[in-house]
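Peer 1: What follows is input_33.pdb, made up of PDB, C-alpha atoms, pLDDT in the B column:
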ATOM      1  CA  ARG A   1       8.750  -8.659  12.360  1.00 29.00           C
ATOM      2  CA  GLU A   2       8.104  -4.961  12.632  1.00 33.00           C
ATOM      3  CA  GLY A   3      11.197  -3.178  13.892  1.00 33.00           C
ATOM      4  CA  ARG A   4      13.571  -5.993  12.954  1.00 35.00           C
ATOM      5  CA  VAL A   5      15.176  -6.465   9.552  1.00 34.00           C
ATOM      6  CA  ARG A   6      16.887  -9.538   8.123  1.00 41.00           C
ATOM      7  CA  ALA A   7      18.862  -9.195   4.888  1.00 43.00           C
ATOM      8  CA  LEU A   8      18.156 -12.491   3.152  1.00 53.00           C
ATOM      9  CA  GLY A   9      18.387 -11.237  -0.397  1.00 62.00           C
ATOM     10  CA  PRO A  10      15.741 -11.958  -3.039  1.00 70.00           C
ATOM     11  CA  VAL A  11      14.072 -15.365  -3.083  1.00 81.00           C
ATOM     12  CA  ARG A  12      12.684 -16.468  -6.447  1.00 83.00           C
ATOM     13  CA  GLY A  13       9.345 -18.213  -6.370  1.00 88.00           C
ATOM     14  CA  ARG A  14       5.634 -17.982  -7.037  1.00 89.00           C
ATOM     15  CA  LEU A  15       2.924 -15.967  -5.311  1.00 89.00           C
ATOM     16  CA  TYR A  16      -0.572 -17.443  -4.957  1.00 89.00           C
ATOM     17  CA  VAL A  17      -3.791 -15.576  -4.119  1.00 87.00           C
ATOM     18  CA  SER A  18      -6.922 -17.549  -3.261  1.00 86.00           C
ATOM     19  CA  SER A  19     -10.313 -16.348  -2.056  1.00 83.00           C
ATOM     20  CA  LYS A  20      -9.076 -16.514   1.544  1.00 87.00           C
ATOM     21  CA  ARG A  21      -5.289 -16.721   1.672  1.00 90.00           C
ATOM     22  CA  VAL A  22      -2.028 -15.420   0.235  1.00 90.00           C
ATOM     23  CA  ALA A  23       0.853 -17.878  -0.114  1.00 91.00           C
ATOM     24  CA  PHE A  24       4.408 -17.762  -1.448  1.00 90.00           C
ATOM     25  CA  ARG A  25       6.549 -20.762  -2.363  1.00 90.00           C
ATOM     26  CA  GLY A  26      10.198 -20.223  -3.276  1.00 88.00           C
ATOM     27  CA  ARG A  27      13.800 -21.308  -2.828  1.00 82.00           C
ATOM     28  CA  ARG A  28      16.979 -19.276  -2.404  1.00 75.00           C
ATOM     29  CA  LEU A  29      20.169 -20.459  -4.078  1.00 71.00           C
ATOM     30  CA  GLY A  30      22.241 -22.353  -1.536  1.00 71.00           C
ATOM     31  CA  ALA A  31      19.483 -22.310   1.074  1.00 73.00           C
ATOM     32  CA  GLY A  32      16.325 -24.209   1.891  1.00 78.00           C
ATOM     33  CA  PRO A  33      12.806 -23.454   0.699  1.00 86.00           C
ATOM     34  CA  LEU A  34      10.869 -20.406   1.823  1.00 83.00           C
ATOM     35  CA  ASN A  35       7.141 -20.943   2.385  1.00 88.00           C
ATOM     36  CA  LEU A  36       4.816 -18.160   3.533  1.00 86.00           C
ATOM     37  CA  SER A  37       1.054 -18.345   4.041  1.00 90.00           C
ATOM     38  CA  PHE A  38      -1.408 -16.047   5.792  1.00 90.00           C
ATOM     39  CA  HIS A  39      -5.139 -15.328   5.835  1.00 90.00           C
ATOM     40  CA  LEU A  40      -6.411 -12.204   4.097  1.00 88.00           C
ATOM     41  CA  ARG A  41      -8.129 -11.177   7.329  1.00 87.00           C
ATOM     42  CA  SER A  42      -4.722 -10.764   8.959  1.00 89.00           C
ATOM     43  CA  VAL A  43      -3.622  -8.093   6.446  1.00 87.00           C
ATOM     44  CA  THR A  44      -3.584  -4.621   8.016  1.00 84.00           C
ATOM     45  CA  ARG A  45      -1.949  -2.649   5.203  1.00 81.00           C
ATOM     46  CA  MET A  46      -1.234  -2.953   1.483  1.00 80.00           C
ATOM     47  CA  GLU A  47       0.940  -0.546  -0.500  1.00 75.00           C
ATOM     48  CA  ARG A  48       2.992  -0.206  -3.652  1.00 69.00           C
ATOM     49  CA  THR A  49       6.740  -0.007  -3.237  1.00 68.00           C
ATOM     50  CA  ALA A  50       9.993  -0.364  -5.159  1.00 59.00           C
ATOM     51  CA  GLY A  51      13.374  -1.756  -4.311  1.00 55.00           C
ATOM     52  CA  ALA A  52      16.745  -3.145  -5.266  1.00 52.00           C
ATOM     53  CA  ALA A  53      19.214  -5.765  -4.065  1.00 52.00           C
ATOM     54  CA  GLY A  54      22.728  -4.427  -4.629  1.00 50.00           C
ATOM     55  CA  ARG A  55      22.949  -3.568  -8.316  1.00 50.00           C
ATOM     56  CA  LEU A  56      19.877  -5.631  -9.110  1.00 51.00           C
ATOM     57  CA  ARG A  57      16.828  -3.449  -9.693  1.00 54.00           C
ATOM     58  CA  LEU A  58      13.709  -5.249  -8.544  1.00 56.00           C
ATOM     59  CA  GLY A  59      11.208  -2.735  -9.923  1.00 58.00           C
ATOM     60  CA  SER A  60       7.668  -2.225  -8.658  1.00 63.00           C
ATOM     61  CA  GLY A  61       6.735  -4.164  -5.569  1.00 73.00           C
ATOM     62  CA  LEU A  62       3.848  -5.006  -3.303  1.00 80.00           C
ATOM     63  CA  ALA A  63       4.158  -4.775   0.491  1.00 81.00           C
ATOM     64  CA  LEU A  64       1.645  -6.483   2.766  1.00 86.00           C
ATOM     65  CA  THR A  65       1.674  -5.852   6.515  1.00 86.00           C
ATOM     66  CA  VAL A  66       0.363  -8.922   8.322  1.00 88.00           C
ATOM     67  CA  GLU A  67      -0.689  -9.123  11.969  1.00 87.00           C
ATOM     68  CA  ARG A  68       0.273 -12.348  13.725  1.00 81.00           C
ATOM     69  CA  GLY A  69      -1.563 -14.091  16.522  1.00 79.00           C
ATOM     70  CA  ASP A  70       0.898 -12.779  19.153  1.00 80.00           C
ATOM     71  CA  GLY A  71       0.137  -9.166  18.246  1.00 76.00           C
ATOM     72  CA  ASN A  72       3.388  -8.575  16.326  1.00 83.00           C
ATOM     73  CA  ARG A  73       3.430  -7.660  12.663  1.00 85.00           C
ATOM     74  CA  ASP A  74       5.369  -8.932   9.663  1.00 85.00           C
ATOM     75  CA  VAL A  75       5.885  -7.086   6.380  1.00 85.00           C
ATOM     76  CA  ALA A  76       5.990  -9.351   3.333  1.00 84.00           C
ATOM     77  CA  THR A  77       7.327  -7.552   0.256  1.00 84.00           C
ATOM     78  CA  PHE A  78       7.179  -9.026  -3.243  1.00 84.00           C
ATOM     79  CA  TYR A  79       9.086  -7.688  -6.257  1.00 79.00           C
ATOM     80  CA  ALA A  80       9.613  -8.518  -9.935  1.00 76.00           C
ATOM     81  CA  LEU A  81       5.949  -9.394 -10.425  1.00 76.00           C
ATOM     82  CA  LEU A  82       5.200 -10.101 -14.071  1.00 74.00           C
ATOM     83  CA  GLN A  83       1.507  -9.247 -13.585  1.00 72.00           C
ATOM     84  CA  PHE A  84       1.810  -6.469 -11.032  1.00 73.00           C
ATOM     85  CA  ASP A  85      -1.285  -4.410 -11.927  1.00 69.00           C
ATOM     86  CA  ARG A  86      -3.460  -7.492 -12.295  1.00 75.00           C
ATOM     87  CA  LEU A  87      -2.298  -8.867  -8.947  1.00 79.00           C
ATOM     88  CA  PHE A  88      -2.800  -5.539  -7.188  1.00 78.00           C
ATOM     89  CA  ARG A  89      -6.378  -5.272  -8.437  1.00 76.00           C
ATOM     90  CA  LEU A  90      -7.073  -8.889  -7.517  1.00 81.00           C
ATOM     91  CA  LEU A  91      -5.830  -8.328  -3.977  1.00 83.00           C
ATOM     92  CA  GLU A  92      -7.932  -5.168  -3.722  1.00 78.00           C
ATOM     93  CA  GLN A  93     -10.964  -7.217  -4.720  1.00 78.00           C
ATOM     94  CA  GLN A  94     -10.288  -9.943  -2.145  1.00 82.00           C
ATOM     95  CA  LEU A  95      -9.446  -7.497   0.644  1.00 80.00           C
ATOM     96  CA  ALA A  96     -12.658  -5.577  -0.069  1.00 76.00           C
ATOM     97  CA  ALA A  97     -14.561  -8.758   0.796  1.00 76.00           C
ATOM     98  CA  HIS A  98     -12.576  -9.651   3.953  1.00 76.00           C
ATOM     99  CA  VAL A  99     -11.103  -6.451   5.438  1.00 75.00           C
ATOM    100  CA  PRO A 100     -12.512  -3.425   3.539  1.00 66.00           C
ATOM    101  CA  GLU A 101     -11.016  -0.996   6.047  1.00 62.00           C
ATOM    102  CA  VAL A 102      -7.539  -1.873   4.721  1.00 63.00           C
ATOM    103  CA  LEU A 103      -8.506  -0.335   1.378  1.00 56.00           C
ATOM    104  CA  ALA A 104      -9.397   3.044   2.870  1.00 47.00           C
ATOM    105  CA  GLU A 105      -5.996   4.460   1.953  1.00 46.00           C
ATOM    106  CA  VAL A 106      -5.459   2.408  -1.207  1.00 49.00           C
ATOM    107  CA  ALA A 107      -8.836   3.311  -2.702  1.00 47.00           C
ATOM    108  CA  GLY A 108      -8.800   6.888  -1.424  1.00 51.00           C
ATOM    109  CA  THR A 109      -7.974   8.434  -4.793  1.00 60.00           C
ATOM    110  CA  SER A 110     -10.620   6.415  -6.675  1.00 68.00           C
ATOM    111  CA  ASP A 111     -13.266   7.272  -4.081  1.00 72.00           C
ATOM    112  CA  HIS A 112     -12.374  10.960  -4.075  1.00 74.00           C
ATOM    113  CA  ASN A 113     -12.515  11.202  -7.880  1.00 79.00           C
ATOM    114  CA  ALA A 114     -15.782   9.272  -8.075  1.00 83.00           C
ATOM    115  CA  ARG A 115     -17.446  11.549  -5.508  1.00 83.00           C
ATOM    116  CA  ALA A 116     -16.332  14.577  -7.505  1.00 84.00           C
ATOM    117  CA  GLN A 117     -18.086  13.171 -10.600  1.00 87.00           C
ATOM    118  CA  PHE A 118     -21.161  11.430  -9.185  1.00 89.00           C
ATOM    119  CA  ASP A 119     -23.605  11.650  -6.274  1.00 88.00           C
ATOM    120  CA  LEU A 120     -22.807   8.461  -4.389  1.00 86.00           C
ATOM    121  CA  ASP A 121     -25.362   7.041  -1.990  1.00 86.00           C
ATOM    122  CA  PRO A 122     -24.717   7.082   1.774  1.00 84.00           C
ATOM    123  CA  GLY A 123     -22.362   4.212   2.569  1.00 84.00           C
ATOM    124  CA  GLU A 124     -21.437   3.731  -1.103  1.00 87.00           C
ATOM    125  CA  ARG A 125     -17.739   3.939  -1.945  1.00 84.00           C
ATOM    126  CA  ALA A 126     -15.632   3.581  -5.059  1.00 83.00           C
ATOM    127  CA  LEU A 127     -13.420   0.485  -5.108  1.00 80.00           C
ATOM    128  CA  PHE A 128     -11.706   0.708  -8.504  1.00 82.00           C
ATOM    129  CA  ASP A 129     -11.282   2.992 -11.488  1.00 84.00           C
ATOM    130  CA  PHE A 130      -9.990   2.145 -14.964  1.00 85.00           C
ATOM    131  CA  ALA A 131      -8.981   4.387 -17.849  1.00 86.00           C
ATOM    132  CA  CYS A 132     -10.931   3.383 -20.972  1.00 89.00           C
ATOM    133  CA  SER A 133     -13.351   4.667 -23.613  1.00 91.00           C
ATOM    134  CA  TYR A 134     -17.110   4.285 -23.897  1.00 93.00           C
ATOM    135  CA  SER A 135     -18.266   3.410 -27.400  1.00 90.00           C
ATOM    136  CA  SER A 136     -21.714   4.814 -28.225  1.00 87.00           C
ATOM    137  CA  ARG A 137     -23.531   5.487 -31.467  1.00 84.00           C
ATOM    138  CA  ARG A 138     -22.771   9.204 -31.136  1.00 82.00           C
ATOM    139  CA  ALA A 139     -19.048   9.127 -30.368  1.00 87.00           C
ATOM    140  CA  LEU A 140     -16.117   7.460 -28.659  1.00 89.00           C
ATOM    141  CA  TRP A 141     -15.862   8.981 -25.193  1.00 92.00           C
ATOM    142  CA  ARG A 142     -12.495   8.871 -23.397  1.00 92.00           C
ATOM    143  CA  GLY A 143     -12.569   8.819 -19.618  1.00 91.00           C
ATOM    144  CA  LYS A 144     -12.704   6.575 -16.554  1.00 91.00           C
ATOM    145  CA  LEU A 145     -14.883   3.666 -15.542  1.00 92.00           C
ATOM    146  CA  TYR A 146     -15.588   3.560 -11.792  1.00 91.00           C
ATOM    147  CA  VAL A 147     -16.690   0.461  -9.900  1.00 89.00           C
ATOM    148  CA  THR A 148     -18.425   1.238  -6.606  1.00 88.00           C
ATOM    149  CA  THR A 149     -20.071  -1.006  -4.046  1.00 88.00           C
ATOM    150  CA  SER A 150     -23.417  -0.449  -5.804  1.00 91.00           C
ATOM    151  CA  ARG A 151     -22.827   0.832  -9.314  1.00 92.00           C
ATOM    152  CA  VAL A 152     -20.687   1.021 -12.436  1.00 95.00           C
ATOM    153  CA  ALA A 153     -20.229   4.620 -13.552  1.00 94.00           C
ATOM    154  CA  PHE A 154     -18.414   6.221 -16.469  1.00 95.00           C
ATOM    155  CA  ALA A 155     -17.424   9.861 -16.989  1.00 93.00           C
ATOM    156  CA  GLY A 156     -15.733  10.947 -20.203  1.00 92.00           C
ATOM    157  CA  THR A 157     -15.286  13.559 -22.893  1.00 92.00           C
ATOM    158  CA  SER A 158     -15.201  13.721 -26.687  1.00 89.00           C
ATOM    159  CA  VAL A 159     -13.930  16.896 -28.356  1.00 84.00           C
ATOM    160  CA  SER A 160     -15.718  19.634 -26.368  1.00 82.00           C
ATOM    161  CA  GLN A 161     -18.577  17.514 -25.052  1.00 89.00           C
ATOM    162  CA  SER A 162     -18.876  15.354 -21.932  1.00 92.00           C
ATOM    163  CA  THR A 163     -21.027  12.413 -20.949  1.00 93.00           C
ATOM    164  CA  LYS A 164     -21.823  10.286 -17.908  1.00 94.00           C
ATOM    165  CA  LEU A 165     -23.299   6.815 -17.606  1.00 94.00           C
ATOM    166  CA  VAL A 166     -24.443   5.117 -14.400  1.00 94.00           C
ATOM    167  CA  LEU A 167     -25.561   1.469 -14.136  1.00 95.00           C
ATOM    168  CA  ARG A 168     -26.745  -0.271 -10.996  1.00 94.00           C
ATOM    169  CA  LEU A 169     -24.896  -3.541 -10.444  1.00 94.00           C
ATOM    170  CA  THR A 170     -28.234  -5.265  -9.886  1.00 93.00           C
ATOM    171  CA  ASP A 171     -29.419  -4.120 -13.349  1.00 94.00           C
ATOM    172  CA  ILE A 172     -26.488  -5.802 -15.105  1.00 95.00           C
ATOM    173  CA  ASP A 173     -27.319  -9.181 -16.595  1.00 94.00           C
ATOM    174  CA  ARG A 174     -23.956 -10.158 -18.076  1.00 93.00           C
ATOM    175  CA  ILE A 175     -20.318  -9.008 -18.146  1.00 94.00           C
ATOM    176  CA  GLU A 176     -17.967 -10.398 -20.767  1.00 92.00           C
ATOM    177  CA  ALA A 177     -14.751  -9.723 -22.640  1.00 90.00           C
ATOM    178  CA  VAL A 178     -15.432  -9.130 -26.329  1.00 87.00           C
ATOM    179  CA  ARG A 179     -13.692  -7.823 -29.416  1.00 78.00           C
ATOM    180  CA  GLY A 180     -14.717  -4.288 -30.251  1.00 65.00           C
ATOM    181  CA  ARG A 181     -13.917  -2.429 -33.430  1.00 64.00           C
ATOM    182  CA  ALA A 182     -10.781  -3.232 -35.377  1.00 57.00           C
ATOM    183  CA  THR A 183      -9.146  -0.128 -33.892  1.00 57.00           C
ATOM    184  CA  ALA A 184     -10.227  -1.025 -30.332  1.00 64.00           C
ATOM    185  CA  PRO A 185     -10.185  -4.812 -29.940  1.00 67.00           C
ATOM    186  CA  ASN A 186      -9.876  -5.210 -26.156  1.00 82.00           C
ATOM    187  CA  ALA A 187     -13.388  -4.449 -24.963  1.00 90.00           C
ATOM    188  CA  ILE A 188     -15.774  -5.265 -22.116  1.00 94.00           C
ATOM    189  CA  GLU A 189     -19.497  -5.437 -22.743  1.00 94.00           C
ATOM    190  CA  LEU A 190     -22.076  -4.867 -20.009  1.00 96.00           C
ATOM    191  CA  ARG A 191     -25.534  -6.207 -20.809  1.00 94.00           C
ATOM    192  CA  THR A 192     -28.437  -4.877 -18.773  1.00 93.00           C
ATOM    193  CA  THR A 193     -31.646  -6.713 -17.931  1.00 88.00           C
ATOM    194  CA  GLY A 194     -34.277  -5.681 -20.468  1.00 85.00           C
ATOM    195  CA  GLY A 195     -32.108  -2.788 -21.649  1.00 85.00           C
ATOM    196  CA  PRO A 196     -29.272  -1.944 -24.016  1.00 89.00           C
ATOM    197  CA  SER A 197     -25.712  -3.238 -23.962  1.00 92.00           C
ATOM    198  CA  HIS A 198     -22.809  -0.913 -23.213  1.00 94.00           C
ATOM    199  CA  LEU A 199     -19.362  -1.337 -24.760  1.00 93.00           C
ATOM    200  CA  PHE A 200     -16.154  -0.087 -23.112  1.00 94.00           C
ATOM    201  CA  VAL A 201     -12.912  -0.248 -25.095  1.00 91.00           C
ATOM    202  CA  LEU A 202      -9.234   0.780 -25.083  1.00 88.00           C
ATOM    203  CA  PHE A 203      -8.482  -0.451 -21.570  1.00 85.00           C
ATOM    204  CA  LEU A 204      -4.917  -0.139 -20.349  1.00 77.00           C
ATOM    205  CA  ARG A 205      -5.561  -3.158 -18.083  1.00 75.00           C
ATOM    206  CA  ARG A 206      -8.552  -4.986 -19.564  1.00 83.00           C
ATOM    207  CA  GLU A 207      -8.071  -8.274 -17.676  1.00 81.00           C
ATOM    208  CA  ALA A 208      -7.721  -6.476 -14.334  1.00 79.00           C
ATOM    209  CA  ALA A 209     -10.867  -4.460 -15.074  1.00 84.00           C
ATOM    210  CA  LEU A 210     -12.777  -7.614 -16.020  1.00 86.00           C
ATOM    211  CA  GLU A 211     -11.777  -9.360 -12.786  1.00 82.00           C
ATOM    212  CA  ALA A 212     -12.743  -6.351 -10.652  1.00 83.00           C
ATOM    213  CA  LEU A 213     -16.090  -5.866 -12.405  1.00 89.00           C
ATOM    214  CA  THR A 214     -17.156  -9.494 -12.243  1.00 88.00           C
ATOM    215  CA  GLY A 215     -15.974  -9.893  -8.638  1.00 85.00           C
ATOM    216  CA  VAL A 216     -17.872  -6.895  -7.261  1.00 87.00           C
ATOM    217  CA  TRP A 217     -20.915  -7.710  -9.419  1.00 91.00           C
ATOM    218  CA  ARG A 218     -21.134 -11.284  -8.119  1.00 88.00           C
ATOM    219  CA  GLU A 219     -20.861 -10.130  -4.520  1.00 85.00           C
ATOM    220  CA  LYS A 220     -23.638  -7.568  -5.022  1.00 86.00           C
ATOM    221  CA  LEU A 221     -25.942 -10.140  -6.635  1.00 87.00           C
ATOM    222  CA  ALA A 222     -25.314 -12.556  -3.752  1.00 82.00           C
ATOM    223  CA  GLU A 223     -26.152  -9.841  -1.196  1.00 77.00           C
ATOM    224  CA  ASP A 224     -29.511  -9.056  -2.807  1.00 67.00           C
ATOM    225  CA  LEU A 225     -30.682 -12.664  -3.252  1.00 60.00           C
ATOM    226  CA  PRO A 226     -32.798 -14.570  -0.706  1.00 58.00           C
ATOM    227  CA  GLU A 227     -30.919 -17.253   1.207  1.00 54.00           C
ATOM    228  CA  GLY A 228     -30.811 -20.491  -0.760  1.00 53.00           C
ATOM    229  CA  GLU A 229     -30.597 -18.831  -4.155  1.00 49.00           C
ATOM    230  CA  GLU A 230     -27.065 -17.474  -3.728  1.00 45.00           C
ATOM    231  CA  ALA A 231     -25.336 -20.698  -4.843  1.00 45.00           C
ATOM    232  CA  ALA A 232     -27.285 -20.864  -8.101  1.00 49.00           C
ATOM    233  CA  ALA A 233     -26.580 -17.206  -8.828  1.00 45.00           C
ATOM    234  CA  GLY A 234     -22.915 -17.679  -8.065  1.00 45.00           C
ATOM    235  CA  ASP A 235     -22.669 -20.546 -10.540  1.00 49.00           C
ATOM    236  CA  ALA A 236     -24.345 -18.475 -13.240  1.00 47.00           C
ATOM    237  CA  ALA A 237     -22.125 -15.460 -12.580  1.00 45.00           C
ATOM    238  CA  ALA A 238     -19.032 -17.641 -12.620  1.00 45.00           C
ATOM    239  CA  ALA A 239     -20.021 -18.977 -16.015  1.00 48.00           C
ATOM    240  CA  ASP A 240     -20.337 -15.391 -17.276  1.00 48.00           C
ATOM    241  CA  GLY A 241     -16.908 -14.507 -15.941  1.00 44.00           C
ATOM    242  CA  GLU A 242     -15.153 -17.410 -17.645  1.00 44.00           C
ATOM    243  CA  THR A 243     -15.286 -15.894 -21.133  1.00 41.00           C
ATOM    244  CA  ALA A 244     -11.839 -16.230 -22.672  1.00 38.00           C
ATOM    245  CA  SER A 245     -10.208 -13.584 -24.829  1.00 38.00           C
ATOM    246  CA  ASP A 246      -7.823 -14.111 -27.713  1.00 40.00           C
ATOM    247  CA  ASP A 247      -6.121 -10.750 -27.304  1.00 41.00           C
ATOM    248  CA  SER A 248      -4.960 -10.974 -23.715  1.00 39.00           C
ATOM    249  CA  ASP A 249      -1.387  -9.746 -23.443  1.00 39.00           C
ATOM    250  CA  GLU A 250      -0.697 -11.124 -19.990  1.00 37.00           C
ATOM    251  CA  ASP A 251       1.283 -14.258 -19.196  1.00 36.00           C
ATOM    252  CA  THR A 252       1.543 -16.285 -16.032  1.00 32.00           C
ATOM    253  CA  GLY A 253       4.222 -14.712 -13.858  1.00 37.00           C
ATOM    254  CA  GLY A 254       6.140 -15.227 -10.666  1.00 41.00           C
ATOM    255  CA  ALA A 255       7.484 -13.090  -7.863  1.00 46.00           C
ATOM    256  CA  ALA A 256      10.615 -12.508  -5.901  1.00 43.00           C
ATOM    257  CA  ALA A 257      10.460 -11.898  -2.172  1.00 43.00           C
ATOM    258  CA  PRO A 258      13.369 -10.383  -0.327  1.00 41.00           C
TER     259      PRO A 258
END
Please rewrite the model in this file as structure tokens.

Peer 2:
Amino acid sequence: REGRVRALGPVRGRLYVSSKRVAFRGRRLGAGPLNLSFHLRSVTRMERTAGAAGRLRLGSGLALTVERGDGNRDVATFYALLQFDRLFRLLEQQLAAHVPEVLAEVAGTSDHNARAQFDLDPGERALFDFACSYSSRRALWRGKLYVTTSRVAFAGTSVSQSTKLVLRLTDIDRIEAVRGRATAPNAIELRTTGGPSHLFVLFLRREAALEALTGVWREKLAEDLPEGEEAAAGDAAAADGETASDDSDEDTGGAAAP
């Protein structure tokens, strides 16, 4: 509860994120189980944090402020996440669908940088950005890939030249994880309807980028389809997003909640 602190020490367990809820299941040594569960719509704030328990360094953490039915607020903080960046991006994606106002502060930097590079439409905002390279026939351009509510945009440089690429989400036909060149194996390919394919490589967080891209893309396709066709489109998009990669360096991880 906000304003009250209980020193329970870290509780080892597992954090679950579904399309609607966040849940934690764990057990503290010498104590009973700890079970937490709350709807994403009740989250009023999300932020990165760091902490320690005595001499134990818990590393990067994730703090979620949750509003309860009685008007009070709880702060749930999770540390020692083995997939911290992936989880953070996943939560951003889910919160964007349920309570986008919560991301105003979290996505502020991405939105500011995107507006400095591109002319965003009224009401359009940047949700994510990922450091990567764009592989074209001319060169390998190093820069950032931005995912907005309407578009995918890239801005990068190569030697003394610069380039920009903008794709409407509705013009994208397929998104999949692929193997690029031997020197840049972790790639994402965007295929456009009736147009060329675009290859992005050298991601620092390829799996997180893939999840963000496919999630926002599916939502945009569902918005623009007539009622009754959304389910079929969702199934097709889900099939596109299930492409497995052999070079993923992420393992299933847990979390510790103090």

Peer 1: Write out as a ChimeraX atom specification each polymer residue whose atoms come within 6 Å of region 83-91 of chain A, counting all atoms listed in the file; drop sequence neighbours fewer than 3 positions from it.

Peer 2: /A:94-95,208

Peer 1: Rank A:Leu221, A:Leu40, A:Ala126, A:Leu165 by their smallest atom-to-atom distance to Lys20 (chain A), using only C-alpha atoms, and report the top residue only.

Peer 2: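 Of A:Leu221, A:Leu40, A:Ala126, A:Leu165, the one nearest Lys20 (chain A), counting only C-alpha atoms, is A:Leu40.
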
Peer 1: Report, in Å with one decimal, the straight-line distance from CA of Thr65 (chain A) to CA of Arg45 (chain A).

Peer 2: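 Rounded to one decimal, the two atoms are 5.0 Å apart.
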
Peer 1: I'd like the residues picked by the PyMOL selection byres ((chain A and resi 191) around 12) written out as a list in words, using the chain letters and numbers from the file.

Peer 2: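 This file gives the following for the PyMOL selection byres ((chain A and resi 191) around 12): Leu167, Arg168, Leu169, Thr170, Asp171, Ile172, Asp173, Arg174, Ile175, Glu176, Ala177, Val178, Ile188, Glu189, Leu190, Thr192, Thr193, Gly194, Gly195, Pro196, Ser197, His198, Leu199, Phe200 and Asp240 of chain A.
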
Peer 1: Using only C-alpha atoms, find the one residue out of A:Ala97, A:Leu15, A:Ala212, A:Cys132 that sits nearest to Leu82 (chain A).

Peer 2: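 Using only C-alpha atoms, the shortest distance to Leu82 (chain A) belongs to A:Leu15.
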
Peer 1: Work out how far apart CA of Asn113 (chain A) and CA of Leu202 (chain A) are and give it in Å to one decimal.

Peer 2: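 That distance, rounded to one decimal, is 20.4 Å.
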
Peer 1: What does the distance from CA of Glu219 (chain A) to CA of Asp111 (chain A) come to in Å, to one decimal?

Peer 2: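 Separation of CA of Glu219 (chain A) and CA of Asp111 (chain A): 19.0 Å.
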
Peer 1: Find the residue from A:Val11, A:Leu213, A:Ala31, A:Val159 that sits nearest to Tyr79 (chain A); use all atoms listed in the file when measuring.

Peer 2: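 Checking each of A:Val11, A:Leu213, A:Ala31, A:Val159 against Tyr79 (chain A), counting all atoms listed in the file, the winner is A:Val11.
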
Peer 1: Select, from A:Arg142, A:Arg14, A:Gly71, A:Thr148, the residue with the minimum atom-to-atom distance to Gly123 (chain A), counting only C-alpha atoms.

Peer 2: A:Thr148

Peer 1: Counting all atoms listed in the file, which of A:Met46, A:Ala187, A:Leu64, A:Ala155 gets nearest to Trp141 (chain A)?

Peer 2: A:Ala155

Peer 1: Assuming the chain letters and numbering stay as they are in my file, what does the PyMOL selection byres ((chain A and resi 67) around 10) actually select? List them as a count of residues only.

Peer 2: 20

Peer 1: Counting all atoms listed in the file, find the residues whose atoms lie at most 8 Å from (1.3, -12.2, 0.2) (file coordinates) and write them out as a count of residues only.

Peer 2: 14
